file upload.csv (CSV, N, CA and C atoms)
chain,number,residue,atom,x,y,z
A,27,MET,N,77.4,94.5,95.2
A,27,MET,CA,76.6,93.8,96.2
A,27,MET,C,77.1,92.4,96.2
A,28,SER,N,77.0,91.8,97.3
A,28,SER,CA,77.4,90.4,97.4
A,28,SER,C,76.4,89.4,96.8
A,29,GLU,N,76.7,88.2,96.7
A,29,GLU,CA,75.8,87.2,96.1
A,29,GLU,C,74.5,87.2,96.9
A,30,LEU,N,73.4,87.2,96.2
A,30,LEU,CA,72.1,87.2,96.8
A,30,LEU,C,71.7,85.7,97.1
A,31,THR,N,71.6,85.3,98.3
A,31,THR,CA,71.3,83.9,98.7
A,31,THR,C,70.2,83.7,99.7
A,32,LYS,N,69.8,84.8,100.3
A,32,LYS,CA,68.7,84.7,101.3
A,32,LYS,C,67.4,85.3,100.8
A,33,ARG,N,66.3,84.6,101.0
A,33,ARG,CA,65.0,85.0,100.6
A,33,ARG,C,64.2,85.5,101.7
A,34,LEU,N,63.5,86.6,101.4
A,34,LEU,CA,62.7,87.2,102.4
A,34,LEU,C,61.2,87.4,101.9
A,35,GLN,N,60.3,87.1,102.7
A,35,GLN,CA,58.9,87.3,102.2
A,35,GLN,C,58.2,88.3,103.1
A,36,ILE,N,57.6,89.3,102.5
A,36,ILE,CA,56.9,90.4,103.3
A,36,ILE,C,55.5,90.5,102.6
A,37,LEU,N,54.6,90.9,103.4
A,37,LEU,CA,53.2,91.2,102.9
A,37,LEU,C,53.0,92.7,103.0
A,38,LEU,N,52.5,93.2,101.9
A,38,LEU,CA,52.2,94.6,101.7
A,38,LEU,C,50.7,94.8,101.4
A,39,SER,N,50.2,95.9,101.7
A,39,SER,CA,48.8,96.2,101.2
A,39,SER,C,48.8,96.5,99.7
A,40,PRO,N,47.7,96.3,99.1
A,40,PRO,CA,47.7,96.6,97.6
A,40,PRO,C,48.2,98.0,97.3
A,41,GLU,N,47.8,99.0,98.2
A,41,GLU,CA,48.2,100.4,98.0
A,41,GLU,C,49.8,100.5,98.1
A,42,GLN,N,50.3,99.9,99.1
A,42,GLN,CA,51.8,100.0,99.3
A,42,GLN,C,52.5,99.4,98.1
A,43,TYR,N,52.0,98.2,97.6
A,43,TYR,CA,52.7,97.6,96.5
A,43,TYR,C,52.5,98.4,95.2
A,44,ARG,N,51.4,99.0,95.0
A,44,ARG,CA,51.2,99.9,93.9
A,44,ARG,C,52.1,101.0,93.9
A,45,LYS,N,52.3,101.7,95.0
A,45,LYS,CA,53.2,102.8,95.2
A,45,LYS,C,54.6,102.4,94.9
A,46,LEU,N,55.0,101.2,95.5
A,46,LEU,CA,56.3,100.7,95.3
A,46,LEU,C,56.6,100.4,93.9
A,47,GLU,N,55.7,99.8,93.2
A,47,GLU,CA,55.8,99.5,91.8
A,47,GLU,C,56.0,100.7,90.9
A,48,LEU,N,55.2,101.7,91.2
A,48,LEU,CA,55.3,103.0,90.5
A,48,LEU,C,56.7,103.7,90.8
A,49,TYR,N,57.1,103.7,92.0
A,49,TYR,CA,58.4,104.2,92.4
A,49,TYR,C,59.5,103.5,91.6
A,50,ALA,N,59.5,102.2,91.6
A,50,ALA,CA,60.5,101.4,90.9
A,50,ALA,C,60.5,101.6,89.4
A,51,LYS,N,59.3,101.7,88.9
A,51,LYS,CA,59.2,101.9,87.4
A,51,LYS,C,59.8,103.2,87.0
A,52,LYS,N,59.5,104.3,87.8
A,52,LYS,CA,60.1,105.6,87.5
A,52,LYS,C,61.6,105.6,87.5
A,53,ARG,N,62.2,104.7,88.3
A,53,ARG,CA,63.6,104.7,88.4
A,53,ARG,C,64.2,103.6,87.5
A,54,LYS,N,63.4,102.9,86.8
A,54,LYS,CA,63.8,101.8,85.9
A,54,LYS,C,64.5,100.7,86.7
A,55,LYS,N,64.0,100.3,87.8
A,55,LYS,CA,64.5,99.3,88.7
A,55,LYS,C,63.4,98.3,89.0
A,56,SER,N,63.9,97.2,89.6
A,56,SER,CA,62.9,96.2,90.1
A,56,SER,C,62.4,96.6,91.5
A,57,VAL,N,61.3,96.1,91.9
A,57,VAL,CA,60.8,96.3,93.2
A,57,VAL,C,61.8,95.8,94.2
A,58,ALA,N,62.3,94.6,93.9
A,58,ALA,CA,63.3,94.0,94.9
A,58,ALA,C,64.5,94.8,95.1
A,59,SER,N,65.0,95.4,94.0
A,59,SER,CA,66.2,96.3,94.1
A,59,SER,C,65.9,97.5,94.9
A,60,ILE,N,64.7,98.1,94.8
A,60,ILE,CA,64.3,99.2,95.6
A,60,ILE,C,64.3,98.9,97.0
A,61,ILE,N,63.7,97.7,97.4
A,61,ILE,CA,63.6,97.3,98.7
A,61,ILE,C,65.0,97.0,99.3
A,62,ARG,N,65.9,96.4,98.6
A,62,ARG,CA,67.3,96.2,99.0
A,62,ARG,C,68.0,97.5,99.3
A,63,GLU,N,67.8,98.5,98.4
A,63,GLU,CA,68.4,99.8,98.6
A,63,GLU,C,67.9,100.5,99.9
A,64,ALA,N,66.6,100.3,100.1
A,64,ALA,CA,66.0,100.9,101.3
A,64,ALA,C,66.5,100.3,102.6
A,65,ILE,N,66.7,99.0,102.5
A,65,ILE,CA,67.3,98.3,103.7
A,65,ILE,C,68.7,98.8,104.0
A,66,GLU,N,69.5,98.9,102.9
A,66,GLU,CA,70.9,99.3,103.1
A,66,GLU,C,70.9,100.7,103.6
A,67,LYS,N,70.1,101.6,103.2
A,67,LYS,CA,70.0,103.0,103.6
A,67,LYS,C,69.6,103.0,105.1
A,68,LEU,N,68.6,102.2,105.5
A,68,LEU,CA,68.2,102.1,106.9
A,68,LEU,C,69.3,101.7,107.8
A,69,LEU,N,70.1,100.6,107.4
A,69,LEU,CA,71.1,100.1,108.2
A,69,LEU,C,72.3,101.1,108.3
A,70,HIS,N,72.6,101.8,107.2
A,70,HIS,CA,73.7,102.8,107.2
A,70,HIS,C,73.3,103.9,108.1
A,71,GLU,N,72.1,104.4,108.0
A,71,GLU,CA,71.7,105.6,108.9
A,71,GLU,C,71.7,105.2,110.3
A,72,ARG,N,71.3,103.9,110.6
A,72,ARG,CA,71.3,103.4,112.0
A,72,ARG,C,72.7,103.4,112.6
A,73,THR,N,73.7,102.9,111.7
A,73,THR,CA,75.1,102.9,112.1
A,73,THR,C,75.6,104.3,112.4
A,74,LYS,N,75.3,105.2,111.5
A,74,LYS,CA,75.7,106.6,111.7
A,74,LYS,C,75.2,107.2,113.0
A,75,LEU,N,73.9,106.9,113.3
A,75,LEU,CA,73.3,107.4,114.5
A,75,LEU,C,73.9,106.8,115.7
A,76,GLU,N,74.2,105.5,115.7
A,76,GLU,CA,74.9,104.9,116.8
A,76,GLU,C,76.3,105.5,117.1
A,77,LYS,N,77.0,105.8,116.0
A,77,LYS,CA,78.4,106.4,116.1
A,77,LYS,C,78.2,107.8,116.7
A,78,LYS,N,77.3,108.5,116.3
A,78,LYS,CA,77.1,109.9,116.7
A,78,LYS,C,76.8,109.9,118.2
A,79,LYS,N,75.9,109.0,118.7
A,79,LYS,CA,75.6,108.9,120.1
A,79,LYS,C,76.8,108.5,120.9
A,80,ALA,N,77.6,107.6,120.4
A,80,ALA,CA,78.8,107.2,121.1
A,80,ALA,C,79.8,108.3,121.3
A,81,VAL,N,79.9,109.2,120.3
A,81,VAL,CA,80.8,110.3,120.4
A,81,VAL,C,80.2,111.3,121.4
A,82,GLU,N,78.9,111.5,121.4
A,82,GLU,CA,78.3,112.4,122.3
A,82,GLU,C,78.5,111.9,123.8
A,83,ARG,N,78.4,110.6,124.0
A,83,ARG,CA,78.6,110.1,125.3
A,83,ARG,C,80.1,110.3,125.8
A,84,MET,N,81.0,110.1,124.8
A,84,MET,CA,82.4,110.4,125.2
A,84,MET,C,82.7,111.8,125.5
A,85,LEU,N,82.0,112.7,124.8
A,85,LEU,CA,82.3,114.1,125.0
A,85,LEU,C,81.7,114.6,126.3
A,86,LEU,N,80.6,113.9,126.8
A,86,LEU,CA,80.0,114.3,128.1
A,86,LEU,C,80.8,113.8,129.3
A,87,ARG,N,81.7,112.9,129.1
A,87,ARG,CA,82.5,112.3,130.2
A,87,ARG,C,83.6,113.3,130.5
A,88,GLU,N,84.0,113.4,131.7
A,88,GLU,CA,85.1,114.2,132.1
A,88,GLU,C,86.3,113.3,132.3
A,89,LEU,N,87.1,113.2,131.3
A,89,LEU,CA,88.3,112.3,131.3
A,89,LEU,C,89.5,113.0,131.9
A,90,PRO,N,90.3,112.3,132.6
A,90,PRO,CA,91.5,112.9,133.2
A,90,PRO,C,92.5,113.3,132.1
A,91,VAL,N,93.0,114.5,132.2
A,91,VAL,CA,93.9,115.0,131.2
A,91,VAL,C,95.1,115.6,132.0
A,92,ASP,N,96.3,115.2,131.7
A,92,ASP,CA,97.5,115.6,132.4
A,92,ASP,C,98.3,116.5,131.5
A,93,ASP,N,99.4,116.9,132.0
A,93,ASP,CA,100.4,117.7,131.2
A,93,ASP,C,100.8,116.9,130.0
A,94,TRP,N,100.9,117.6,128.8
A,94,TRP,CA,101.2,116.9,127.6
A,94,TRP,C,102.5,116.0,127.6
A,95,ASP,N,103.5,116.5,128.2
A,95,ASP,CA,104.8,115.7,128.3
A,95,ASP,C,104.6,114.4,129.0
A,96,LYS,N,103.8,114.5,130.1
A,96,LYS,CA,103.6,113.3,130.9
A,96,LYS,C,102.7,112.3,130.1
A,97,MET,N,101.6,112.9,129.4
A,97,MET,CA,100.7,112.1,128.6
A,97,MET,C,101.5,111.4,127.5
A,98,GLU,N,102.4,112.1,126.8
A,98,GLU,CA,103.2,111.6,125.7
A,98,GLU,C,104.1,110.4,126.2
A,99,GLU,N,104.7,110.6,127.4
A,99,GLU,CA,105.5,109.6,128.0
A,99,GLU,C,104.7,108.3,128.3
A,100,GLU,N,103.5,108.5,128.8
A,100,GLU,CA,102.7,107.3,129.1
A,100,GLU,C,102.2,106.6,127.8
A,101,ILE,N,102.0,107.4,126.7
A,101,ILE,CA,101.6,106.8,125.4
A,101,ILE,C,102.7,106.0,124.9
A,102,MET,N,103.9,106.6,124.9
A,102,MET,CA,105.1,105.9,124.4
A,102,MET,C,105.4,104.6,125.2
A,103,LYS,N,105.2,104.6,126.5
A,103,LYS,CA,105.5,103.4,127.3
A,103,LYS,C,104.5,102.4,126.9
A,104,GLY,N,103.2,102.8,126.7
A,104,GLY,CA,102.2,101.8,126.2
A,104,GLY,C,102.5,101.2,124.9
A,105,ALA,N,103.0,102.0,124.0
A,105,ALA,CA,103.3,101.6,122.6
A,105,ALA,C,104.5,100.6,122.6
A,106,ILE,N,105.4,100.7,123.5
A,106,ILE,CA,106.6,99.9,123.6
A,106,ILE,C,106.2,98.5,124.1
A,107,LEU,N,105.3,98.5,125.1
A,107,LEU,CA,104.9,97.2,125.7
A,107,LEU,C,104.3,96.3,124.7

call {"tool": "encode", "arguments": {"input": "upload.csv", "output": "structure tokens"}}
result
Amino acid sequence: MSELTKRLQILLSPEQYRKLELYAKKRKKSVASIIREAIEKLLHERTKLEKKKAVERMLLRELPVDDWDKMEEEIMKGAIL
């Protein structure tokens, strides 16, 4: 993990904090590290979902496809430029 330099303040209910403390204690970690891990997981899952949606949008499009020899020729011309 990179250097920790940003501070964040959040307010939790006593019950939320109690559950979070218990969860962290069972895993022998700090509450802060559990929160950081949860944030990383959330951001990672969001990125995966965005990529999946992008692929789905691409698959729904009807893209022009030509004869392979012609397509290869166009690809090679583009690579040379």

call {"tool": "atom_distance", "arguments": {"input": "upload.csv", "atom1": "CA of Lys79 (chain A)", "atom2": "CA of Glu66 (chain A)"}}
result
20.1 Å

call {"tool": "residues_around", "arguments": {"input": "upload.csv", "residues": "region 28-42 of chain A", "least_positions_apart": "3", "cutoff": "12 Å", "atoms": "only C-alpha atoms", "output": "number ranges by chain"}}
result
A: 45-49, 57-59, 61-62

call {"tool": "select_by_dssp", "arguments": {"input": "upload.csv", "residues": "region 28-97 of chain A", "states": "alpha helix (DSSP H)", "output": "count of residues only"}}
result
47

call {"tool": "atom_distance", "arguments": {"input": "upload.csv", "atom1": "CA of Lys77 (chain A)", "atom2": "atom N of Glu63 (chain A)"}}
result
22.1 Å

call {"tool": "atom_distance", "arguments": {"input": "upload.csv", "atom1": "atom N of Leu68 (chain A)", "atom2": "atom N of Arg87 (chain A)"}}
result
29.0 Å
